[in-house]
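Here is model32.cif, consisting of mmCIF, C-alpha atoms:
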```
data_query
loop_
_atom_site.label_atom_id
_atom_site.label_comp_id
_atom_site.auth_asym_id
_atom_site.auth_seq_id
_atom_site.Cartn_x
_atom_site.Cartn_y
_atom_site.Cartn_z
CA MET A 28 -11.06 71.12 43.57
CA SER A 29 -7.76 71.03 45.39
CA GLY A 30 -6.12 69.83 48.53
CA GLN A 31 -4.75 71.97 51.27
CA PHE A 32 -1.41 73.71 51.20
CA LYS A 33 1.39 72.37 53.30
CA TYR A 34 3.16 74.97 55.39
CA GLY A 35 6.91 75.08 55.84
CA VAL A 36 9.72 77.39 56.84
CA SER A 37 13.06 77.90 55.17
CA LEU A 38 15.87 78.47 57.61
CA TYR A 39 17.06 81.04 55.06
CA SER A 40 14.45 83.27 56.71
CA TYR A 41 16.75 83.51 59.72
CA THR A 42 19.86 84.48 57.75
CA GLU A 43 20.53 87.54 59.92
CA ASP A 44 20.21 85.45 63.08
CA PHE A 45 21.82 82.16 62.19
CA GLY A 46 25.37 81.69 63.36
CA SER A 47 25.41 84.64 65.75
CA ILE A 48 22.28 84.52 67.86
CA MET A 49 20.63 81.35 66.56
CA THR A 50 21.68 77.73 66.46
CA LEU A 51 20.27 75.01 64.25
CA GLU A 52 18.08 73.80 67.09
CA ASP A 53 16.77 77.33 67.71
CA GLY A 54 15.82 77.45 64.03
CA PHE A 55 13.88 74.18 64.32
CA ASP A 56 12.11 75.49 67.42
CA HIS A 57 11.02 78.72 65.72
CA ALA A 58 9.93 76.91 62.55
CA ALA A 59 7.97 74.20 64.37
CA ASP A 60 6.17 76.68 66.61
CA THR A 61 4.49 78.22 63.56
CA GLY A 62 2.67 74.94 63.09
CA ALA A 63 4.77 74.19 60.01
CA THR A 64 5.25 70.58 59.02
CA GLY A 65 8.28 71.06 56.77
CA ILE A 66 11.74 72.55 57.02
CA GLU A 67 13.86 73.86 54.17
CA ILE A 68 17.58 74.51 54.39
CA LEU A 69 20.57 75.75 52.44
CA GLY A 70 23.06 72.89 52.25
CA GLU A 71 26.12 75.12 52.40
CA THR A 72 24.78 77.13 55.32
CA HIS A 73 22.99 74.77 57.63
CA VAL A 74 24.87 71.48 57.23
CA GLU A 75 27.98 71.44 59.38
CA CYS A 76 30.98 70.15 57.42
CA TYR A 77 29.00 70.34 54.17
CA PRO A 78 29.02 68.30 51.99
CA GLU A 79 30.24 65.52 54.29
CA PRO A 80 28.57 65.93 57.68
CA SER A 81 29.86 63.83 60.56
CA LYS A 82 27.94 60.93 62.01
CA GLU A 83 27.35 63.02 65.14
CA TRP A 84 25.85 65.84 63.10
CA LEU A 85 23.59 63.42 61.24
CA ASP A 86 22.39 62.07 64.59
CA THR A 87 21.63 65.63 65.64
CA TRP A 88 19.77 66.30 62.38
CA PHE A 89 17.51 63.27 62.64
CA GLY A 90 17.01 63.89 66.35
CA LEU A 91 15.78 67.43 65.61
CA LEU A 92 13.43 66.26 62.86
CA ASP A 93 11.95 63.77 65.26
CA ARG A 94 11.70 66.05 68.27
CA TYR A 95 10.15 68.94 66.35
CA GLN A 96 8.06 66.75 64.04
CA LEU A 97 9.31 68.42 60.88
CA GLU A 98 9.93 66.78 57.53
CA PRO A 99 12.77 67.86 55.27
CA THR A 100 11.30 69.63 52.24
CA ASN A 101 13.75 71.38 49.95
CA MET A 102 17.52 71.68 50.11
CA CYS A 103 18.99 74.67 48.28
CA SER A 104 22.23 74.17 46.41
CA TRP A 105 24.42 76.02 43.92
CA VAL A 106 26.07 75.04 40.67
CA ASP A 107 28.90 77.55 40.74
CA THR A 108 29.59 77.69 37.03
CA LYS A 109 32.10 80.49 37.61
CA LEU A 110 34.01 78.75 40.33
CA ARG A 111 37.13 79.90 38.49
CA LEU A 112 37.78 83.31 37.01
CA GLY A 113 39.28 81.91 33.82
CA ARG A 114 36.68 79.43 32.61
CA GLN A 115 33.20 78.06 33.20
CA LEU A 116 32.47 74.63 34.62
CA THR A 117 32.12 71.84 32.07
CA VAL A 118 28.95 69.77 31.78
CA GLU A 119 30.67 66.97 33.70
CA GLU A 120 31.75 69.32 36.49
CA GLY A 121 28.24 70.76 36.67
CA ALA A 122 26.83 67.25 36.94
CA GLY A 123 29.34 66.61 39.71
CA GLU A 124 28.00 69.57 41.69
CA LEU A 125 24.45 68.26 41.29
CA GLU A 126 25.43 64.72 42.23
CA ARG A 127 27.20 65.95 45.37
CA ASP A 128 24.04 67.72 46.50
CA LEU A 129 21.61 64.98 45.47
CA ARG A 130 23.57 62.53 47.61
CA LEU A 131 23.56 64.89 50.59
CA ALA A 132 19.89 65.77 50.16
CA HIS A 133 19.05 62.06 50.05
CA ARG A 134 21.07 61.34 53.20
CA LEU A 135 19.17 64.07 55.02
CA GLY A 136 15.75 62.99 53.76
CA PHE A 137 14.92 65.83 51.37
CA LYS A 138 12.49 65.37 48.47
CA PHE A 139 13.36 68.54 46.54
CA LEU A 140 16.70 70.01 45.51
CA ARG A 141 16.95 73.58 44.27
CA PRO A 142 20.15 74.16 42.33
CA LYS A 143 21.03 77.78 41.56
CA PHE A 144 22.81 77.76 38.23
CA GLY A 145 25.33 80.43 37.33
CA VAL A 146 24.23 82.81 34.58
CA ILE A 147 25.99 84.14 31.48
CA ASP A 148 24.42 87.55 30.86
CA ALA A 149 22.46 90.47 32.26
CA GLN A 150 19.21 88.74 31.19
CA LEU A 151 20.10 86.01 33.71
CA THR A 152 20.28 83.26 31.10
CA PRO A 153 21.43 80.15 32.94
CA ASP A 154 24.76 78.77 31.79
CA PRO A 155 23.91 76.40 28.92
CA ILE A 156 25.66 73.52 30.69
CA TRP A 157 22.63 73.27 32.99
CA SER A 158 20.61 70.94 30.74
CA GLY A 159 23.43 68.49 30.05
CA ALA A 160 24.39 68.50 33.70
CA VAL A 161 20.84 67.84 34.89
CA GLU A 162 20.30 65.15 32.28
CA ARG A 163 23.33 63.26 33.59
CA VAL A 164 21.89 63.06 37.13
CA LEU A 165 18.22 62.36 36.35
CA ASP A 166 18.60 58.64 36.98
CA LEU A 167 20.17 59.33 40.36
CA ALA A 168 17.42 61.79 41.24
CA ASN A 169 14.87 59.18 40.22
CA LYS A 170 16.53 56.54 42.37
CA PHE A 171 16.44 58.93 45.33
CA ASP A 172 12.90 60.13 44.55
CA ILE A 173 14.10 63.73 44.53
CA VAL A 174 12.70 66.45 42.28
CA ILE A 175 15.32 68.91 41.04
CA CYS A 176 13.69 72.30 40.77
CA PRO A 177 15.44 75.46 39.62
CA GLU A 178 14.02 78.61 41.10
CA ILE A 179 12.07 81.25 39.19
CA HIS A 180 13.17 84.28 41.15
CA SER A 181 12.89 88.05 40.66
CA PRO A 182 14.02 89.71 38.42
CA THR A 183 13.26 86.68 36.20
CA PRO A 184 9.50 86.63 35.47
CA ILE A 185 7.35 83.63 34.52
CA ARG A 186 7.37 84.63 30.86
CA HIS A 187 11.10 84.37 30.24
CA PRO A 188 13.32 82.26 27.96
CA ALA A 189 14.91 80.56 30.99
CA VAL A 190 11.50 79.29 32.12
CA GLU A 191 10.67 78.16 28.58
CA GLY A 192 13.97 76.29 28.50
CA TYR A 193 13.16 74.47 31.74
CA ILE A 194 9.68 73.55 30.50
CA ASP A 195 11.07 72.34 27.16
CA PHE A 196 13.46 70.13 29.12
CA ILE A 197 10.59 68.61 31.14
CA GLU A 198 8.59 67.94 27.97
CA ARG A 199 11.55 66.60 26.00
CA THR A 200 12.82 64.21 28.68
CA GLY A 201 9.45 63.27 30.15
CA THR A 202 11.18 63.14 33.52
CA PRO A 203 9.23 63.31 36.77
CA ASN A 204 12.40 64.49 38.53
CA PHE A 205 12.70 68.03 37.17
CA ARG A 206 10.13 70.75 37.87
CA LEU A 207 9.94 74.46 38.64
CA LEU A 208 10.22 76.20 41.98
CA ILE A 209 8.41 79.52 42.19
CA ASP A 210 9.70 82.24 44.50
CA THR A 211 6.75 84.49 45.32
CA GLY A 212 9.02 87.54 45.17
CA ILE A 213 8.13 87.67 41.44
CA PHE A 214 4.63 88.88 42.45
CA GLN A 215 5.98 91.84 44.44
CA ASN A 216 4.19 94.97 43.19
CA ARG A 217 4.99 97.57 45.82
CA PRO A 218 8.43 98.93 46.72
CA LEU A 219 10.52 97.75 49.64
CA LYS A 220 11.12 100.39 52.26
CA GLY A 221 14.44 100.79 53.97
CA TRP A 222 15.79 97.63 52.49
CA GLN A 223 19.45 97.13 51.75
CA HIS A 224 20.46 95.00 48.83
CA GLU A 225 23.92 94.05 47.74
CA VAL A 226 23.08 95.14 44.18
CA PRO A 227 24.32 98.75 43.99
CA GLU A 228 21.94 101.67 43.60
CA GLY A 229 21.80 102.86 40.03
CA ASP A 230 22.26 99.38 38.60
CA SER A 231 19.51 98.37 36.19
CA ASP A 232 18.53 95.47 38.44
CA HIS A 233 18.36 97.63 41.55
CA ALA A 234 15.05 99.28 40.70
CA LYS A 235 13.52 95.90 39.80
CA LEU A 236 14.60 94.43 43.10
CA ILE A 237 13.35 97.39 45.13
CA ASN A 238 10.10 98.03 43.26
CA GLY A 239 9.27 94.45 42.31
CA ILE A 240 8.62 93.03 38.86
CA ALA A 241 4.89 92.64 39.53
CA VAL A 242 4.21 89.42 37.66
CA ASP A 243 0.43 89.01 37.36
CA PRO A 244 -0.44 86.12 39.72
CA GLU A 245 -2.85 84.79 37.05
CA GLU A 246 0.21 83.83 34.97
CA PHE A 247 0.86 81.08 37.51
CA LEU A 248 -2.03 79.16 35.96
CA ASP A 249 -0.05 78.85 32.70
CA ILE A 250 2.79 76.95 34.35
CA ALA A 251 1.09 75.40 37.39
CA LYS A 252 1.43 71.86 36.13
CA TYR A 253 5.22 72.24 36.08
CA VAL A 254 5.53 73.66 39.61
CA ALA A 255 6.63 71.35 42.41
CA PHE A 256 7.53 73.74 45.21
CA ILE A 257 6.88 77.31 46.30
CA GLN A 258 9.17 79.47 48.35
CA ALA A 259 6.83 81.93 50.00
CA LYS A 260 9.18 84.91 49.76
CA PHE A 261 8.10 88.01 51.63
CA HIS A 262 9.72 91.16 53.00
CA TYR A 263 7.54 92.87 55.57
CA ILE A 264 4.23 92.16 57.23
CA ASN A 265 3.02 95.13 59.23
CA ASP A 266 1.28 95.32 62.60
CA ASP A 267 -2.11 95.01 60.88
CA LEU A 268 -1.04 91.68 59.40
CA GLN A 269 -0.81 93.19 55.91
CA CYS A 270 2.06 92.32 53.61
CA GLU A 271 3.28 95.64 52.25
CA ASN A 272 4.89 94.30 49.08
CA ILE A 273 3.23 91.16 47.71
CA PRO A 274 -0.50 90.89 46.88
CA TRP A 275 -1.18 87.68 48.79
CA ASP A 276 -4.93 88.23 48.49
CA LYS A 277 -4.43 87.66 44.74
CA VAL A 278 -1.69 85.05 44.96
CA ILE A 279 -3.32 82.58 47.35
CA PRO A 280 -6.62 82.27 45.40
CA VAL A 281 -4.68 81.65 42.19
CA LEU A 282 -2.63 78.90 43.80
CA LYS A 283 -5.86 77.35 45.10
CA ARG A 284 -7.56 77.57 41.70
CA ALA A 285 -4.51 75.94 40.13
CA GLY A 286 -4.95 73.02 42.52
CA TYR A 287 -1.56 73.54 44.11
CA SER A 288 -1.29 71.38 47.22
CA GLY A 289 2.43 71.45 47.82
CA TYR A 290 4.48 73.46 50.26
CA LEU A 291 4.40 77.17 50.93
CA SER A 292 7.82 77.45 52.51
CA SER A 293 8.34 80.80 54.20
CA GLU A 294 11.30 82.75 53.01
CA TYR A 295 11.66 86.01 54.86
CA GLU A 296 13.98 88.47 53.10
CA GLY A 297 13.39 91.82 54.71
CA ALA A 298 15.37 94.21 56.86
CA ARG A 299 18.87 92.90 57.34
CA GLU A 300 18.84 92.91 61.12
CA PRO A 301 18.83 90.17 63.70
CA TRP A 302 15.74 89.45 65.82
CA VAL A 303 13.27 90.47 63.10
CA ALA A 304 12.59 87.30 61.13
CA ILE A 305 11.28 85.11 63.95
CA ASP A 306 8.05 87.04 64.37
CA GLN A 307 7.79 88.02 60.71
CA VAL A 308 7.57 84.34 59.77
CA ARG A 309 4.85 83.81 62.36
CA ARG A 310 2.88 86.72 60.95
CA GLN A 311 3.16 85.35 57.43
CA HIS A 312 1.86 81.96 58.50
CA VAL A 313 -1.22 83.51 60.11
CA MET A 314 -1.84 85.60 57.01
CA MET A 315 -1.46 82.72 54.55
CA ARG A 316 -3.61 80.38 56.64
CA GLN A 317 -6.34 83.01 56.92
CA LEU A 318 -6.37 83.59 53.16
CA GLU A 319 -6.55 79.88 52.48
CA ALA A 320 -9.40 79.48 54.97
CA GLN A 321 -11.28 82.41 53.38
CA TYR A 322 -10.94 80.84 49.95
CA ASP A 323 -12.14 77.46 51.19
CA ALA A 324 -15.08 79.05 53.04
CA ALA A 325 -16.15 81.00 49.96
CA LEU A 326 -15.98 77.85 47.88
CA ALA A 327 -18.07 75.95 50.43
CA ASP A 328 -20.71 78.70 50.38
CA ALA A 329 -20.90 78.82 46.59
CA MET B 8 29.27 81.76 67.50
CA TYR B 9 29.89 84.83 65.43
CA GLU B 10 29.57 88.36 66.62
CA TYR B 11 26.77 89.77 64.42
CA GLN B 12 28.92 92.25 62.50
CA LEU B 13 31.11 91.17 59.59
CA ILE B 14 34.16 92.54 61.41
CA GLN B 15 34.70 90.71 64.67
CA ALA B 16 35.98 92.56 67.75
CA THR B 17 38.07 89.64 68.89
CA GLY B 18 40.95 88.88 66.56
CA PHE B 19 41.69 92.54 65.76
CA ARG B 20 45.38 92.67 66.63
CA ASN B 21 48.91 93.31 65.45
CA TYR B 22 50.99 90.50 64.01
CA GLY B 23 54.69 89.90 63.61
CA PRO B 24 57.51 90.08 66.19
CA GLU B 25 56.62 92.20 69.22
CA ASP B 26 59.40 94.69 68.60
CA ALA B 27 58.81 94.90 64.84
CA ARG B 28 55.11 94.44 64.02
CA GLU B 29 54.48 93.59 60.38
CA GLY B 30 50.82 94.39 60.15
CA VAL B 31 47.30 94.10 61.49
CA GLU B 32 44.87 91.17 61.48
CA VAL B 33 41.15 91.79 61.01
CA ARG B 34 38.96 88.81 61.86
CA LEU B 35 35.80 88.36 59.79
CA ARG B 36 32.78 86.12 59.89
CA LEU B 37 31.88 84.38 56.64
CA PRO B 38 31.11 87.28 54.24
CA ASN B 39 28.19 85.45 52.64
CA TYR B 40 24.89 83.85 53.66
CA ARG B 41 26.14 80.51 52.44
CA GLY B 42 29.41 78.67 52.87
CA MET B 43 31.54 79.12 49.79
CA ARG B 44 34.59 77.84 48.09
CA LEU B 45 37.44 80.25 48.62
CA SER B 46 37.91 80.87 44.90
CA LEU B 47 34.59 82.77 45.01
CA LEU B 48 36.22 85.37 47.27
CA ASP B 49 38.27 87.79 45.20
CA GLY B 50 40.23 89.43 47.96
CA VAL B 51 39.35 91.91 50.70
CA ASP B 52 39.91 95.68 50.72
CA VAL B 53 40.67 97.07 54.17
CA THR B 54 40.79 100.63 55.50
CA LEU B 55 42.44 101.20 58.87
CA ASP B 56 41.54 104.66 60.11
CA ASP B 57 42.07 106.57 56.85
CA GLU B 58 44.70 104.32 55.31
CA PHE B 59 43.50 102.13 52.43
CA PHE B 60 44.91 98.67 51.65
CA SER B 61 43.86 97.08 48.37
CA TYR B 62 42.58 93.52 47.99
CA GLU B 63 45.64 92.96 45.84
CA ILE B 64 48.00 93.28 48.79
CA THR B 65 46.01 91.96 51.73
CA LYS B 66 46.02 88.22 52.45
CA LEU B 67 43.59 85.89 54.14
CA ARG B 68 44.30 83.30 56.80
CA LEU B 69 41.72 80.53 56.90
CA HIS B 70 42.07 77.26 58.82
CA GLY B 71 45.71 78.22 59.53
CA GLU B 72 46.66 78.62 55.85
CA VAL B 73 47.55 82.00 54.35
CA TYR B 74 46.27 82.89 50.87
CA ASP B 75 47.32 85.80 48.71
CA LEU B 76 45.02 86.87 45.87
CA ASP B 77 46.38 84.36 43.36
CA ALA B 78 46.23 81.52 45.88
CA MET B 79 42.66 82.51 46.77
CA ARG B 80 41.60 82.43 43.13
CA ASP B 81 43.08 78.93 42.80
CA ALA B 82 41.45 77.63 46.00
CA THR B 83 38.56 75.81 44.33
CA THR B 84 38.56 72.98 46.86
CA VAL B 85 38.89 75.03 50.06
CA ARG B 86 35.63 75.90 51.80
CA TRP B 87 34.96 78.90 53.99
CA ALA B 88 32.10 77.34 55.89
CA MET B 89 29.40 78.97 58.00
CA GLY B 90 30.89 79.33 61.48
CA ASP B 91 34.52 79.59 60.33
CA PHE B 92 36.50 82.74 61.07
CA GLY B 93 38.89 84.18 58.50
CA SER B 94 41.55 86.77 59.31
CA VAL B 95 42.58 89.40 56.79
CA LEU B 96 46.29 90.18 57.08
CA VAL B 97 46.98 93.83 56.37
CA PRO B 98 50.65 94.72 55.79
CA LYS B 99 51.40 97.80 57.88
CA ALA B 100 54.87 98.11 59.32
CA GLY B 101 54.69 98.84 63.05
CA GLY B 102 51.04 97.80 63.26
CA LEU B 103 48.50 99.97 65.04
CA ALA B 104 48.79 101.56 68.46
CA PRO B 105 46.64 100.17 71.27
CA GLY B 106 43.31 101.93 71.32
CA ILE B 107 40.17 102.36 69.27
CA HIS B 108 40.37 102.46 65.47
CA ARG B 109 37.89 102.78 62.63
CA VAL B 110 38.02 99.66 60.47
CA LYS B 111 36.36 99.18 57.08
CA VAL B 112 36.39 96.10 54.90
CA ALA B 113 34.97 95.19 51.51
CA ALA B 114 35.05 91.45 50.89
CA ARG B 115 34.74 90.96 47.13
CA VAL B 116 32.41 87.99 46.66
CA ARG B 117 31.60 86.46 43.29
CA SER B 118 28.12 84.93 43.09
CA PRO B 119 27.93 83.07 39.76
CA TYR B 120 24.14 83.46 39.67
CA PHE B 121 24.43 87.26 39.63
CA PRO B 122 24.72 89.03 36.27
CA PRO B 123 28.35 89.16 35.12
CA HIS B 124 28.70 92.91 35.62
CA LEU B 125 27.90 92.45 39.33
CA GLN B 126 30.69 89.96 39.95
CA PRO B 127 32.30 90.50 42.32
CA LEU B 128 30.14 92.55 44.64
CA PRO B 129 31.60 94.02 47.83
CA VAL B 130 30.26 92.75 51.13
CA ASN B 131 30.92 95.72 53.35
CA GLY B 132 31.59 96.09 57.04
CA GLU B 133 32.61 99.06 59.14
CA ARG B 134 33.02 99.52 62.87
CA LEU B 135 35.14 100.83 65.68
CA ALA B 136 37.42 98.10 66.96
CA THR B 137 40.03 97.96 69.64
CA ILE B 138 43.69 97.00 69.50
CA VAL B 139 44.66 95.84 72.98
CA LEU B 140 48.35 95.02 72.76
CA PRO B 141 51.06 96.97 70.91
#
```

Could you render the structure from this file as structure tokens?
Amino acid sequence: MSGQFKYGVSLYSYTEDFGSIMTLEDGFDHAADTGATGIEILGETHVECYPEPSKEWLDTWFGLLDRYQLEPTNMCSWVDTKLRLGRQLTVEEGAGELERDLRLAHRLGFKFLRPKFGVIDAQLTPDPIWSGAVERVLDLANKFDIVICPEIHSPTPIRHPAVEGYIDFIERTGTPNFRLLIDTGIFQNRPLKGWQHEVPEGDSDHAKLINGIAVDPEEFLDIAKYVAFIQAKFHYINDDLQCENIPWDKVIPVLKRAGYSGYLSSEYEGAREPWVAIDQVRRQHVMMRQLEAQYDAALADA
Amino acid sequence: MYEYQLIQATGFRNYGPEDAREGVEVRLRLPNYRGMRLSLLDGVDVTLDDEFFSYEITKLRLHGEVYDLDAMRDATTVRWAMGDFGSVLVPKAGGLAPGIHRVKVAARVRSPYFPPHLQPLPVNGERLATIVLP
């Protein structure tokens, strides 16, 4: 019914390590040793002299891809609509942010670009400039063969006006260069323990972020045809190889049934301490591969 | 490479003429998981021992340039990149005596993708740090 998942790692996983105890090459080494075939980065974090890396840095980048046999998957970017206190970005300025990152993503070999749009309210409605800005760069994305995919991320669930707006845009334009990215944090249904978040305690979003918004994984089937990339967000996998927050035993079969054969790109976001993520990512890869194998075996037996 | 903590041990020192110190520098790593344009940083509160200094009066030195709050808010083309150090300049006549001090900072970071009522959010750091020279 479907192909196999592709497994990747986002260097975001190593946020607490990168820059103090981990270099870019260390990150490649850790990612590749999981058996991953793809690497995801944050442009503003992992590209030296972003958005204009030096020739030497580019040589390093392509050398690492070659040595570790990793392909660039998704580059995360931001459209900082509130760059200024006094006013929002215009549509043209928003398009400029997207163009800057499309050009960089293309230079580095990425096939997906995740822009994080600024929002205008507590419901996390993306700034309305997003659609005009994206429309202006669709031709460029098409020329570069890059899919722009905004991220559906907790506390925004699948059934949300922002998601409807993105899907309307895909249908209206007919573009192949705009799709959804799903962050699996939306499926979190058990609370995080001992986790620190920058959102203050007592804020209405705090409880959602700690307890999870528990989107029913079955809802993925409603939007599967619009999904191009999955960030496999997770927070803690215990010594028995059980994820304590996200019901992967429900999520993986749904993704398989939907025929998803794109990337599961690990995104560890747990305890904010160094030296934790490296093994957590390895645990997640074992767990996800086992669940995929179980699904395939059950299908073969049926 | 950065020291892991937000507040760096190295770079914690008095500034100004040796016989008339004007204040204290506190060196920080990038107070964000991504490089950011400086206009997204809305100043830094600092507490030295028990003395509080508001983000409205501290300044930031980045790449050799000094920014007060207004200049920071206008700095839409300056990037504080991953790997760059920034030093908060805290006006404190006489500086601090050599020795160990408790230092707290709250870097006020605006993330446009956060709901408006959570902009800015403080990125906090606290540690004991050592002034070596008077």

Residue hits in chain A, query chain B, radius 10 Å, all atoms listed in the file, as a count of residues only: 49

Polymer residues at most 12 Å from Ile64 of chain B, only C-alpha atoms, same-chain spacing of 6 or more positions, as a list in words: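 Result of the neighbour search: Gly30, Asp49, Gly50, Val51, Asp52, Val53, Tyr74, Asp75, Leu76, Asp77, Val95, Leu96, Val97, Pro98 and Lys99 of chain B.
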
Atomic distance atom CA of Glu67 of chain A - atom CA of Pro99 of chain A, expressed in Å with one decimal: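 Those two atoms sit 6.2 Å apart.
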
Target residues per the PyMOL selection byres ((chain A and resi 248-258) around 9), formatted as a ChimeraX atom specification: /A:35-37,100-101,139,174,176,178,185,194,197,205-212,244-247,259-260,281-282,284-287,289-294

Explicit residues for the PyMOL selection byres ((chain B and resi 28) around 10) (as a list in words): Asn21, Tyr22, Gly23, Pro24, Glu25, Asp26, Ala27, Glu29, Gly30, Val31, Pro98, Lys99, Ala100, Gly101, Gly102, Leu103 and Pro141 of chain B

Using C-alpha atoms, can you export the residues from the last selection as a compact mmCIF listing (two decimals), in the coordinates of the input?
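Saved the output as part_13.txt:
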```txt
# COMPACT_ATOMS: atom_id res chain seq x y z
CA ASN B 21 48.91 93.31 65.45
CA TYR B 22 50.99 90.50 64.01
CA GLY B 23 54.69 89.90 63.61
CA PRO B 24 57.51 90.08 66.19
CA GLU B 25 56.62 92.20 69.22
CA ASP B 26 59.40 94.69 68.60
CA ALA B 27 58.81 94.90 64.84
CA GLU B 29 54.48 93.59 60.38
CA GLY B 30 50.82 94.39 60.15
CA VAL B 31 47.30 94.10 61.49
CA PRO B 98 50.65 94.72 55.79
CA LYS B 99 51.40 97.80 57.88
CA ALA B 100 54.87 98.11 59.32
CA GLY B 101 54.69 98.84 63.05
CA GLY B 102 51.04 97.80 63.26
CA LEU B 103 48.50 99.97 65.04
CA PRO B 141 51.06 96.97 70.91
```

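Under the PyMOL selection byres ((chain A and resi 85) around 12), the matching residues in the shown file are His73, Val74, Glu75, Cys76, Tyr77, Pro78, Glu79, Pro80, Ser81, Lys82, Glu83, Trp84, Asp86, Thr87, Trp88, Phe89, Gly90, Leu91, Leu92, Leu131, Ala132, Arg134, Leu135 and Gly136 of chain A.
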
Output for the residues just chosen: C-alpha atoms as a PDB file, in the coordinates of the input:
```
ATOM      1  CA  HIS A  73      22.990  74.770  57.630  1.00  0.00           C
ATOM      2  CA  VAL A  74      24.870  71.480  57.230  1.00  0.00           C
ATOM      3  CA  GLU A  75      27.980  71.440  59.380  1.00  0.00           C
ATOM      4  CA  CYS A  76      30.980  70.150  57.420  1.00  0.00           C
ATOM      5  CA  TYR A  77      29.000  70.340  54.170  1.00  0.00           C
ATOM      6  CA  PRO A  78      29.020  68.300  51.990  1.00  0.00           C
ATOM      7  CA  GLU A  79      30.240  65.520  54.290  1.00  0.00           C
ATOM      8  CA  PRO A  80      28.570  65.930  57.680  1.00  0.00           C
ATOM      9  CA  SER A  81      29.860  63.830  60.560  1.00  0.00           C
ATOM     10  CA  LYS A  82      27.940  60.930  62.010  1.00  0.00           C
ATOM     11  CA  GLU A  83      27.350  63.020  65.140  1.00  0.00           C
ATOM     12  CA  TRP A  84      25.850  65.840  63.100  1.00  0.00           C
ATOM     13  CA  ASP A  86      22.390  62.070  64.590  1.00  0.00           C
ATOM     14  CA  THR A  87      21.630  65.630  65.640  1.00  0.00           C
ATOM     15  CA  TRP A  88      19.770  66.300  62.380  1.00  0.00           C
ATOM     16  CA  PHE A  89      17.510  63.270  62.640  1.00  0.00           C
ATOM     17  CA  GLY A  90      17.010  63.890  66.350  1.00  0.00           C
ATOM     18  CA  LEU A  91      15.780  67.430  65.610  1.00  0.00           C
ATOM     19  CA  LEU A  92      13.430  66.260  62.860  1.00  0.00           C
ATOM     20  CA  LEU A 131      23.560  64.890  50.590  1.00  0.00           C
ATOM     21  CA  ALA A 132      19.890  65.770  50.160  1.00  0.00           C
ATOM     22  CA  ARG A 134      21.070  61.340  53.200  1.00  0.00           C
ATOM     23  CA  LEU A 135      19.170  64.070  55.020  1.00  0.00           C
ATOM     24  CA  GLY A 136      15.750  62.990  53.760  1.00  0.00           C
TER      25      GLY A 136
END
```

Which centre and which edge lengths, in Å to one decimal, describe the axis-aligned box that holds all listed atoms of segment 265-268 of chain A after 8 Å is added on each side, as AutoDock Vina command-line options?
```
--center_x 0.5 --center_y 93.5 --center_z 60.9 --size_x 21.1 --size_y 19.6 --size_z 19.4
```

Point (12.7, 94.4, 46.0), cut-off 10 Å, counting only C-alpha atoms, residues as a list in words: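 Checked against the point, the hits come out as Ser181, Pro182, Gly212, Ile213, Gln215, Asn216, Arg217, Pro218, Leu219, Lys220, Trp222, Gln223, His224, Asp232, His233, Ala234, Lys235, Leu236, Ile237, Asn238, Gly239, Ile240, Phe261, His262, Asn272, Glu296 and Gly297 of chain A.
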
Within 10 Å of Gly93 of chain B using only C-alpha atoms, minus same-chain residues under 6 positions, as a PyMOL selection string: chain B and resi 15+18+32-38+67-73+87

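One distance worth recording is that between atom CA of Val85 of chain B and atom CA of Val118 of chain A, which is 21.5 Å.
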
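Going from atom CA of Tyr295 of chain A over to atom CA of Ser40 of chain A, you cover 4.3 Å.
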
Long-range neighbours of Phe196 of chain A as a PyMOL selection string, 12 Å cut-off, only C-alpha atoms, 4 positions minimum in chain: chain A and resi 157-162+165+176-177+189-192+200-207+253

Nearest candidate to Ala136 of chain B (options B:His108, B:Thr17, B:Phe60, B:Ala113; using only C-alpha atoms):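 Closest candidate: B:His108.
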